[in-house]
$ cat protein.pdb   # PDB, C-alpha atoms, pLDDT in the B column
ATOM      1  CA  MET Y   1     -32.270 -20.405  71.504  1.00 37.00           C
ATOM      2  CA  LYS Y   2     -31.326 -17.083  69.939  1.00 40.00           C
ATOM      3  CA  LYS Y   3     -30.219 -17.071  66.331  1.00 42.00           C
ATOM      4  CA  ARG Y   4     -26.558 -16.376  65.820  1.00 46.00           C
ATOM      5  CA  HIS Y   5     -27.278 -13.243  63.799  1.00 43.00           C
ATOM      6  CA  SER Y   6     -29.980 -11.844  66.109  1.00 77.00           C
ATOM      7  CA  SER Y   7     -29.554  -8.288  67.351  1.00 90.00           C
ATOM      8  CA  LYS Y   8     -27.224  -7.987  70.340  1.00 96.00           C
ATOM      9  CA  VAL Y   9     -26.614  -5.273  72.918  1.00 97.00           C
ATOM     10  CA  ILE Y  10     -22.952  -4.479  72.341  1.00 98.00           C
ATOM     11  CA  LEU Y  11     -20.838  -2.186  74.533  1.00 98.00           C
ATOM     12  CA  ILE Y  12     -17.780  -0.695  72.839  1.00 98.00           C
ATOM     13  CA  THR Y  13     -15.096   1.119  74.811  1.00 98.00           C
ATOM     14  CA  GLY Y  14     -12.696   3.426  73.007  1.00 95.00           C
ATOM     15  CA  ALA Y  15     -15.390   4.304  70.493  1.00 96.00           C
ATOM     16  CA  CYS Y  16     -13.677   7.636  69.820  1.00 93.00           C
ATOM     17  CA  GLY Y  17     -10.637   5.809  68.457  1.00 93.00           C
ATOM     18  CA  GLU Y  18     -10.213   4.546  64.903  1.00 94.00           C
ATOM     19  CA  VAL Y  19     -10.696   0.871  65.757  1.00 94.00           C
ATOM     20  CA  GLY Y  20     -13.693   1.396  68.025  1.00 96.00           C
ATOM     21  CA  ALA Y  21     -15.403   3.723  65.560  1.00 96.00           C
ATOM     22  CA  ALA Y  22     -14.775   1.357  62.640  1.00 96.00           C
ATOM     23  CA  ALA Y  23     -16.154  -1.575  64.639  1.00 97.00           C
ATOM     24  CA  ALA Y  24     -19.199   0.472  65.655  1.00 97.00           C
ATOM     25  CA  ARG Y  25     -19.993   1.293  62.020  1.00 96.00           C
ATOM     26  CA  LEU Y  26     -19.770  -2.358  60.978  1.00 96.00           C
ATOM     27  CA  LEU Y  27     -21.832  -3.638  63.894  1.00 97.00           C
ATOM     28  CA  ALA Y  28     -24.456  -0.925  63.404  1.00 96.00           C
ATOM     29  CA  ARG Y  29     -24.937  -2.163  59.844  1.00 95.00           C
ATOM     30  CA  ASP Y  30     -25.674  -5.593  61.312  1.00 94.00           C
ATOM     31  CA  ARG Y  31     -28.514  -3.963  63.290  1.00 95.00           C
ATOM     32  CA  HIS Y  32     -27.003  -4.484  66.710  1.00 96.00           C
ATOM     33  CA  ARG Y  33     -27.895  -2.072  69.521  1.00 97.00           C
ATOM     34  CA  LEU Y  34     -24.703  -0.259  70.413  1.00 98.00           C
ATOM     35  CA  VAL Y  35     -23.639   1.447  73.614  1.00 98.00           C
ATOM     36  CA  LEU Y  36     -20.580   3.528  72.808  1.00 98.00           C
ATOM     37  CA  GLY Y  37     -18.123   4.742  75.428  1.00 97.00           C
ATOM     38  CA  GLY Y  38     -15.365   7.236  74.754  1.00 95.00           C
ATOM     39  CA  SER Y  39     -13.461  10.105  76.292  1.00 93.00           C
ATOM     40  CA  CYS Y  40     -13.990  12.723  73.554  1.00 93.00           C
ATOM     41  CA  ARG Y  41     -17.506  14.173  73.564  1.00 95.00           C
ATOM     42  CA  HIS Y  42     -17.241  15.740  70.100  1.00 96.00           C
ATOM     43  CA  SER Y  43     -15.989  12.567  68.389  1.00 95.00           C
ATOM     44  CA  LEU Y  44     -18.513  10.427  70.223  1.00 96.00           C
ATOM     45  CA  GLU Y  45     -21.440  12.647  69.269  1.00 96.00           C
ATOM     46  CA  ARG Y  46     -20.303  12.805  65.653  1.00 96.00           C
ATOM     47  CA  LEU Y  47     -20.092   8.989  65.493  1.00 97.00           C
ATOM     48  CA  GLY Y  48     -23.517   8.650  67.093  1.00 96.00           C
ATOM     49  CA  GLU Y  49     -25.054  11.040  64.584  1.00 97.00           C
ATOM     50  CA  GLU Y  50     -23.461   9.120  61.715  1.00 97.00           C
ATOM     51  CA  ILE Y  51     -24.772   5.759  62.945  1.00 97.00           C
ATOM     52  CA  ARG Y  52     -28.261   7.050  63.689  1.00 96.00           C
ATOM     53  CA  GLY Y  53     -28.378   8.881  60.371  1.00 96.00           C
ATOM     54  CA  ALA Y  54     -27.769   5.555  58.630  1.00 95.00           C
ATOM     55  CA  GLY Y  55     -30.597   3.919  60.572  1.00 95.00           C
ATOM     56  CA  GLY Y  56     -28.529   2.342  63.355  1.00 95.00           C
ATOM     57  CA  GLN Y  57     -28.978   2.441  67.126  1.00 95.00           C
ATOM     58  CA  ALA Y  58     -26.361   3.921  69.428  1.00 97.00           C
ATOM     59  CA  ASP Y  59     -26.371   5.204  72.999  1.00 97.00           C
ATOM     60  CA  LEU Y  60     -23.457   7.456  73.941  1.00 97.00           C
ATOM     61  CA  HIS Y  61     -21.549   7.687  77.220  1.00 97.00           C
ATOM     62  CA  LEU Y  62     -18.477   9.657  78.177  1.00 97.00           C
ATOM     63  CA  LEU Y  63     -16.169   7.036  79.632  1.00 97.00           C
ATOM     64  CA  ASP Y  64     -12.802   6.991  81.362  1.00 97.00           C
ATOM     65  CA  VAL Y  65     -11.771   3.330  81.491  1.00 97.00           C
ATOM     66  CA  THR Y  66      -9.025   4.101  84.008  1.00 97.00           C
ATOM     67  CA  ASP Y  67     -11.781   4.889  86.522  1.00 98.00           C
ATOM     68  CA  ALA Y  68     -13.355   1.649  87.787  1.00 98.00           C
ATOM     69  CA  ASP Y  69     -16.490   3.465  88.972  1.00 98.00           C
ATOM     70  CA  ASP Y  70     -16.905   5.073  85.559  1.00 98.00           C
ATOM     71  CA  ALA Y  71     -16.665   1.674  83.863  1.00 98.00           C
ATOM     72  CA  GLN Y  72     -19.240   0.302  86.290  1.00 98.00           C
ATOM     73  CA  SER Y  73     -21.649   3.154  85.589  1.00 98.00           C
ATOM     74  CA  PHE Y  74     -21.223   2.614  81.845  1.00 98.00           C
ATOM     75  CA  ALA Y  75     -22.180  -1.058  82.074  1.00 98.00           C
ATOM     76  CA  LEU Y  76     -25.056  -0.537  84.503  1.00 98.00           C
ATOM     77  CA  ALA Y  77     -26.559   2.249  82.390  1.00 97.00           C
ATOM     78  CA  ALA Y  78     -26.552  -0.074  79.382  1.00 98.00           C
ATOM     79  CA  HIS Y  79     -28.144  -2.857  81.402  1.00 98.00           C
ATOM     80  CA  ARG Y  80     -30.847  -0.578  82.783  1.00 97.00           C
ATOM     81  CA  ARG Y  81     -31.748   0.656  79.324  1.00 96.00           C
ATOM     82  CA  HIS Y  82     -31.662  -2.625  77.419  1.00 96.00           C
ATOM     83  CA  GLY Y  83     -32.177  -5.242  80.115  1.00 96.00           C
ATOM     84  CA  ARG Y  84     -29.015  -7.127  79.234  1.00 96.00           C
ATOM     85  CA  VAL Y  85     -25.406  -6.828  78.104  1.00 97.00           C
ATOM     86  CA  ASP Y  86     -24.596  -9.342  75.384  1.00 97.00           C
ATOM     87  CA  VAL Y  87     -21.123  -8.276  74.259  1.00 98.00           C
ATOM     88  CA  LEU Y  88     -18.303  -6.089  75.537  1.00 98.00           C
ATOM     89  CA  VAL Y  89     -15.692  -4.942  73.019  1.00 98.00           C
ATOM     90  CA  ASN Y  90     -12.583  -3.488  74.654  1.00 98.00           C
ATOM     91  CA  SER Y  91     -11.179  -1.434  71.805  1.00 95.00           C
ATOM     92  CA  HIS Y  92      -9.578   1.380  73.814  1.00 91.00           C
ATOM     93  CA  ALA Y  93      -5.794   1.749  73.655  1.00 88.00           C
ATOM     94  CA  GLU Y  94      -2.946   4.191  74.105  1.00 84.00           C
ATOM     95  CA  MET Y  95       0.062   3.616  71.839  1.00 79.00           C
ATOM     96  CA  PRO Y  96       2.651   6.423  71.968  1.00 80.00           C
ATOM     97  CA  PHE Y  97       5.738   4.638  70.630  1.00 83.00           C
ATOM     98  CA  SER Y  98       9.150   5.592  72.004  1.00 88.00           C
ATOM     99  CA  ARG Y  99      12.466   3.974  72.853  1.00 87.00           C
ATOM    100  CA  LEU Y 100      12.925   2.773  76.413  1.00 87.00           C
ATOM    101  CA  ASP Y 101      16.010   4.935  76.823  1.00 90.00           C
ATOM    102  CA  ALA Y 102      13.805   7.982  76.175  1.00 90.00           C
ATOM    103  CA  MET Y 103      12.532   7.358  79.714  1.00 92.00           C
ATOM    104  CA  LYS Y 104       8.970   8.523  79.014  1.00 93.00           C
ATOM    105  CA  ILE Y 105       7.709   7.120  82.273  1.00 95.00           C
ATOM    106  CA  ARG Y 106       4.461   9.085  82.315  1.00 95.00           C
ATOM    107  CA  GLU Y 107       3.596   7.687  78.882  1.00 95.00           C
ATOM    108  CA  TRP Y 108       4.377   4.171  80.109  1.00 95.00           C
ATOM    109  CA  ASP Y 109       2.136   4.674  83.133  1.00 96.00           C
ATOM    110  CA  ARG Y 110      -0.666   5.957  80.924  1.00 95.00           C
ATOM    111  CA  MET Y 111      -0.406   2.961  78.584  1.00 95.00           C
ATOM    112  CA  ILE Y 112      -0.536   0.548  81.507  1.00 96.00           C
ATOM    113  CA  ASP Y 113      -3.496   2.389  83.040  1.00 97.00           C
ATOM    114  CA  VAL Y 114      -5.518   2.467  79.811  1.00 96.00           C
ATOM    115  CA  ASN Y 115      -4.454  -0.703  78.029  1.00 96.00           C
ATOM    116  CA  VAL Y 116      -4.329  -3.061  81.016  1.00 97.00           C
ATOM    117  CA  ARG Y 117      -6.219  -1.593  83.966  1.00 98.00           C
ATOM    118  CA  GLY Y 118      -8.870  -0.240  81.607  1.00 97.00           C
ATOM    119  CA  VAL Y 119      -9.520  -3.718  80.251  1.00 98.00           C
ATOM    120  CA  LEU Y 120      -9.731  -5.128  83.777  1.00 98.00           C
ATOM    121  CA  HIS Y 121     -12.125  -2.375  84.860  1.00 98.00           C
ATOM    122  CA  SER Y 122     -14.413  -3.015  81.886  1.00 98.00           C
ATOM    123  CA  ILE Y 123     -14.385  -6.769  82.435  1.00 98.00           C
ATOM    124  CA  ALA Y 124     -15.166  -6.288  86.126  1.00 98.00           C
ATOM    125  CA  ALA Y 125     -18.123  -4.085  85.189  1.00 98.00           C
ATOM    126  CA  VAL Y 126     -19.835  -6.545  82.830  1.00 98.00           C
ATOM    127  CA  LEU Y 127     -18.803  -9.945  84.173  1.00 98.00           C
ATOM    128  CA  PRO Y 128     -21.300 -10.125  87.083  1.00 97.00           C
ATOM    129  CA  LEU Y 129     -24.123  -9.175  84.694  1.00 97.00           C
ATOM    130  CA  MET Y 130     -23.121 -11.892  82.250  1.00 97.00           C
ATOM    131  CA  GLN Y 131     -22.706 -14.452  85.025  1.00 96.00           C
ATOM    132  CA  VAL Y 132     -26.233 -13.799  86.263  1.00 96.00           C
ATOM    133  CA  ALA Y 133     -27.542 -14.070  82.683  1.00 96.00           C
ATOM    134  CA  ARG Y 134     -25.329 -17.133  82.086  1.00 95.00           C
ATOM    135  CA  ALA Y 135     -24.497 -15.722  78.663  1.00 96.00           C
ATOM    136  CA  GLY Y 136     -22.320 -13.089  77.045  1.00 97.00           C
ATOM    137  CA  GLN Y 137     -19.116 -12.409  75.183  1.00 97.00           C
ATOM    138  CA  ILE Y 138     -16.034 -10.315  75.904  1.00 98.00           C
ATOM    139  CA  VAL Y 139     -13.829  -9.304  72.973  1.00 98.00           C
ATOM    140  CA  ASN Y 140     -10.329  -7.996  73.684  1.00 97.00           C
ATOM    141  CA  ILE Y 141      -7.524  -6.791  71.432  1.00 94.00           C
ATOM    142  CA  GLY Y 142      -4.147  -8.203  72.340  1.00 89.00           C
ATOM    143  CA  GLY Y 143      -1.008  -9.951  71.194  1.00 79.00           C
ATOM    144  CA  GLY Y 144       0.895 -13.005  72.323  1.00 60.00           C
ATOM    145  CA  LEU Y 145       4.414 -13.102  73.736  1.00 53.00           C
ATOM    146  CA  GLY Y 146       5.657 -14.246  70.347  1.00 53.00           C
ATOM    147  CA  GLN Y 147       4.516 -11.091  68.604  1.00 59.00           C
ATOM    148  CA  GLN Y 148       7.038  -8.993  66.762  1.00 61.00           C
ATOM    149  CA  VAL Y 149       8.244  -6.125  68.959  1.00 66.00           C
ATOM    150  CA  GLY Y 150       9.415  -2.966  67.244  1.00 71.00           C
ATOM    151  CA  ALA Y 151      12.301  -0.884  68.507  1.00 76.00           C
ATOM    152  CA  GLU Y 152       9.944   1.734  69.940  1.00 83.00           C
ATOM    153  CA  ALA Y 153       7.002  -0.496  70.879  1.00 85.00           C
ATOM    154  CA  ALA Y 154       8.225  -2.480  73.893  1.00 89.00           C
ATOM    155  CA  VAL Y 155       5.785  -1.062  76.452  1.00 91.00           C
ATOM    156  CA  TYR Y 156       2.844  -1.073  74.076  1.00 90.00           C
ATOM    157  CA  CYS Y 157       3.514  -4.702  73.119  1.00 89.00           C
ATOM    158  CA  ALA Y 158       3.877  -5.600  76.797  1.00 92.00           C
ATOM    159  CA  THR Y 159       0.398  -4.239  77.481  1.00 94.00           C
ATOM    160  CA  ARG Y 160      -1.038  -6.175  74.545  1.00 92.00           C
ATOM    161  CA  SER Y 161       0.608  -9.364  75.812  1.00 92.00           C
ATOM    162  CA  ALA Y 162      -0.915  -8.688  79.226  1.00 95.00           C
ATOM    163  CA  VAL Y 163      -4.365  -8.430  77.640  1.00 96.00           C
ATOM    164  CA  ALA Y 164      -3.791 -11.773  75.909  1.00 94.00           C
ATOM    165  CA  ALA Y 165      -2.888 -13.357  79.257  1.00 95.00           C
ATOM    166  CA  ILE Y 166      -5.944 -11.811  80.930  1.00 96.00           C
ATOM    167  CA  SER Y 167      -8.145 -13.115  78.117  1.00 96.00           C
ATOM    168  CA  GLU Y 168      -6.803 -16.643  78.398  1.00 95.00           C
ATOM    169  CA  GLY Y 169      -7.170 -16.688  82.172  1.00 96.00           C
ATOM    170  CA  LEU Y 170     -10.716 -15.364  81.944  1.00 97.00           C
ATOM    171  CA  ARG Y 171     -11.608 -17.908  79.271  1.00 96.00           C
ATOM    172  CA  GLN Y 172     -10.546 -20.723  81.590  1.00 95.00           C
ATOM    173  CA  GLU Y 173     -12.476 -19.247  84.521  1.00 95.00           C
ATOM    174  CA  VAL Y 174     -15.855 -18.642  82.916  1.00 94.00           C
ATOM    175  CA  GLY Y 175     -16.384 -21.906  81.040  1.00 86.00           C
ATOM    176  CA  ALA Y 176     -18.719 -22.287  78.080  1.00 90.00           C
ATOM    177  CA  GLU Y 177     -21.505 -19.893  79.054  1.00 90.00           C
ATOM    178  CA  ILE Y 178     -19.472 -16.716  78.555  1.00 96.00           C
ATOM    179  CA  ARG Y 179     -17.370 -16.486  75.416  1.00 96.00           C
ATOM    180  CA  VAL Y 180     -13.971 -14.771  75.524  1.00 97.00           C
ATOM    181  CA  SER Y 181     -12.418 -13.731  72.214  1.00 96.00           C
ATOM    182  CA  LEU Y 182      -9.030 -12.252  71.421  1.00 94.00           C
ATOM    183  CA  VAL Y 183      -8.418 -10.188  68.312  1.00 93.00           C
ATOM    184  CA  SER Y 184      -4.739 -10.136  67.445  1.00 86.00           C
ATOM    185  CA  ALA Y 185      -2.888  -6.835  67.066  1.00 75.00           C
ATOM    186  CA  SER Y 186       0.700  -6.759  65.837  1.00 61.00           C
ATOM    187  CA  GLY Y 187       3.394  -4.805  67.624  1.00 43.00           C
ATOM    188  CA  GLN Y 188       3.217  -1.939  65.157  1.00 42.00           C
ATOM    189  CA  GLY Y 189      -0.573  -1.836  65.094  1.00 48.00           C
ATOM    190  CA  ASP Y 190      -2.882  -3.274  62.436  1.00 56.00           C
ATOM    191  CA  GLY Y 191      -5.144  -1.147  60.292  1.00 84.00           C
ATOM    192  CA  ALA Y 192      -8.346  -0.071  62.002  1.00 88.00           C
ATOM    193  CA  GLY Y 193     -10.471  -1.585  59.269  1.00 90.00           C
ATOM    194  CA  ALA Y 194      -8.834  -5.003  59.567  1.00 91.00           C
ATOM    195  CA  LEU Y 195      -9.181  -5.034  63.339  1.00 92.00           C
ATOM    196  CA  ALA Y 196     -12.808  -3.932  63.097  1.00 94.00           C
ATOM    197  CA  GLN Y 197     -13.555  -6.753  60.660  1.00 94.00           C
ATOM    198  CA  ALA Y 198     -11.880  -9.224  63.027  1.00 93.00           C
ATOM    199  CA  ILE Y 199     -14.011  -7.940  65.918  1.00 95.00           C
ATOM    200  CA  ARG Y 200     -17.158  -8.364  63.840  1.00 95.00           C
ATOM    201  CA  SER Y 201     -16.121 -11.877  62.822  1.00 94.00           C
ATOM    202  CA  ALA Y 202     -15.504 -12.837  66.453  1.00 94.00           C
ATOM    203  CA  ILE Y 203     -19.061 -11.760  67.316  1.00 94.00           C
ATOM    204  CA  VAL Y 204     -20.885 -13.079  64.255  1.00 78.00           C
ATOM    205  CA  LEU Y 205     -18.951 -16.320  63.837  1.00 65.00           C
ATOM    206  CA  PRO Y 206     -17.399 -17.010  67.237  1.00 51.00           C
ATOM    207  CA  GLU Y 207     -17.048 -20.731  66.568  1.00 44.00           C
ATOM    208  CA  SER Y 208     -14.868 -20.149  63.506  1.00 38.00           C
ATOM    209  CA  ALA Y 209     -11.583 -19.761  65.365  1.00 36.00           C
ATOM    210  CA  GLY Y 210      -9.956 -21.755  68.124  1.00 35.00           C
ATOM    211  CA  TRP Y 211      -7.720 -20.504  70.918  1.00 33.00           C
ATOM    212  CA  PRO Y 212      -5.169 -19.158  70.281  1.00 34.00           C
ATOM    213  CA  GLY Y 213      -5.266 -18.064  66.673  1.00 34.00           C
ATOM    214  CA  PRO Y 214      -3.616 -15.554  64.364  1.00 32.00           C
ATOM    215  CA  GLN Y 215      -6.758 -13.419  64.127  1.00 36.00           C
ATOM    216  CA  THR Y 216      -9.291 -14.351  66.771  1.00 43.00           C
ATOM    217  CA  GLY Y 217      -9.672 -16.813  69.557  1.00 43.00           C
ATOM    218  CA  SER Y 218     -12.796 -17.747  71.441  1.00 38.00           C
ATOM    219  CA  GLY Y 219     -13.681 -19.910  74.327  1.00 35.00           C
TER     220      GLY Y 219
END
$ encode --input "protein.pdb" --output "structure tokens"
Amino acid sequence: MKKRHSSKVILITGACGEVGAAAARLLARDRHRLVLGGSCRHSLERLGEEIRGAGGQADLHLLDVTDADDAQSFALAAHRRHGRVDVLVNSHAEMPFSRLDAMKIREWDRMIDVNVRGVLHSIAAVLPLMQVARAGQIVNIGGGLGQQVGAEAAVYCATRSAVAAISEGLRQEVGAEIRVSLVSASGQGDGAGALAQAIRSAIVLPESAGWPGPQTGSG
């Protein structure tokens, strides 16, 4: 049986964003082997250089989570290189706040594509690998229906609630072999550092929180 703190192969989507980058830095310090996916080459390369310069391990992949094939390639490349995928962290998100009567339909579509479909694409990419291995963990960032919704955050909060529902459904489907954790994000967005710490806690101490919970949930 592997020790709880043994090195894991951890895939992080949205690694170019503040939350993903902060989580990557924390997990690199724990000596995990990271596979970082993001849509901005410059930011991704800069993060990789920072992690490697501090003695960490990080593979880099340009990733568009709205493209199911791209998500699949990301997961398979990690599996080919490391022989397994232990953890997926879905940290990608779009959050352009605006009032509904502003009618920013293209922004709404983009949020749904990234925040909801992107999570589904990433889950679909790693789930078969974890099912074959009969082990793994998926960490999502979401919010329950009871979360506080700001005046300009209705669509963003709706996508976060959708991720919470997806996480709960997946948790019930996969049983005990694959762990599903939810890190809570408020309607107005939590600080990147706090969310990164919650992601790390869900991976290092997954048994410390039940489902659902104010910070993390795991099944």
$ resolve_selection --input "protein.pdb" --expression "the PyMOL selection byres ((chain Y and resi 62-76) around 9)" --output "PyMOL selection string"
chain Y and resi 11+13-14+35-41+44+60-61+77-81+85+92+113-115+117-126+129
$ residues_around --input "protein.pdb" --residues "region 20-33 of chain Y" --least-positions-apart "6" --cutoff "6 Å" --atoms "all atoms listed in the file" --output "ChimeraX atom specification"
/Y:7-9,14,56-57,91,196
$ closest_residue --input "protein.pdb" --among "Y:Gly17, Y:Gly48, Y:Gly193, Y:Gly142" --to "Tyr156 (chain Y)" --atoms "all atoms listed in the file"
Y:Gly142
$ axis_aligned_box --input "protein.pdb" --around "region 134-142 of chain Y" --padding-each-side "3 Å" --output "AutoDock Vina command-line options"
--center_x -14.7 --center_y -12.0 --center_z 76.8 --size_x 27.2 --size_y 16.3 --size_z 16.7
$ atom_distance --input "protein.pdb" --atom1 "CA of Arg46 (chain Y)" --atom2 "CA of Met95 (chain Y)"
23.2 Å
$ resolve_selection --input "protein.pdb" --expression "the PyMOL selection byres ((chain Y and resi 160) around 9)" --output "ChimeraX atom specification"
/Y:115-116,141-145,155-159,161-165,184-187
$ closest_residue --input "protein.pdb" --among "Y:Leu182, Y:Leu47, Y:Met103, Y:Ala194" --to "Cys16 (chain Y)" --atoms "all atoms listed in the file"
Y:Leu47
$ atom_distance --input "protein.pdb" --atom1 "CA of Ser181 (chain Y)" --atom2 "CA of Met111 (chain Y)"
21.5 Å
$ atom_distance --input "protein.pdb" --atom1 "CA of Met130 (chain Y)" --atom2 "CA of Glu177 (chain Y)"
8.8 Å
$ closest_residue --input "protein.pdb" --among "Y:Arg99, Y:Arg106, Y:Arg134, Y:His42" --to "Ala151 (chain Y)" --atoms "only C-alpha atoms"
Y:Arg99
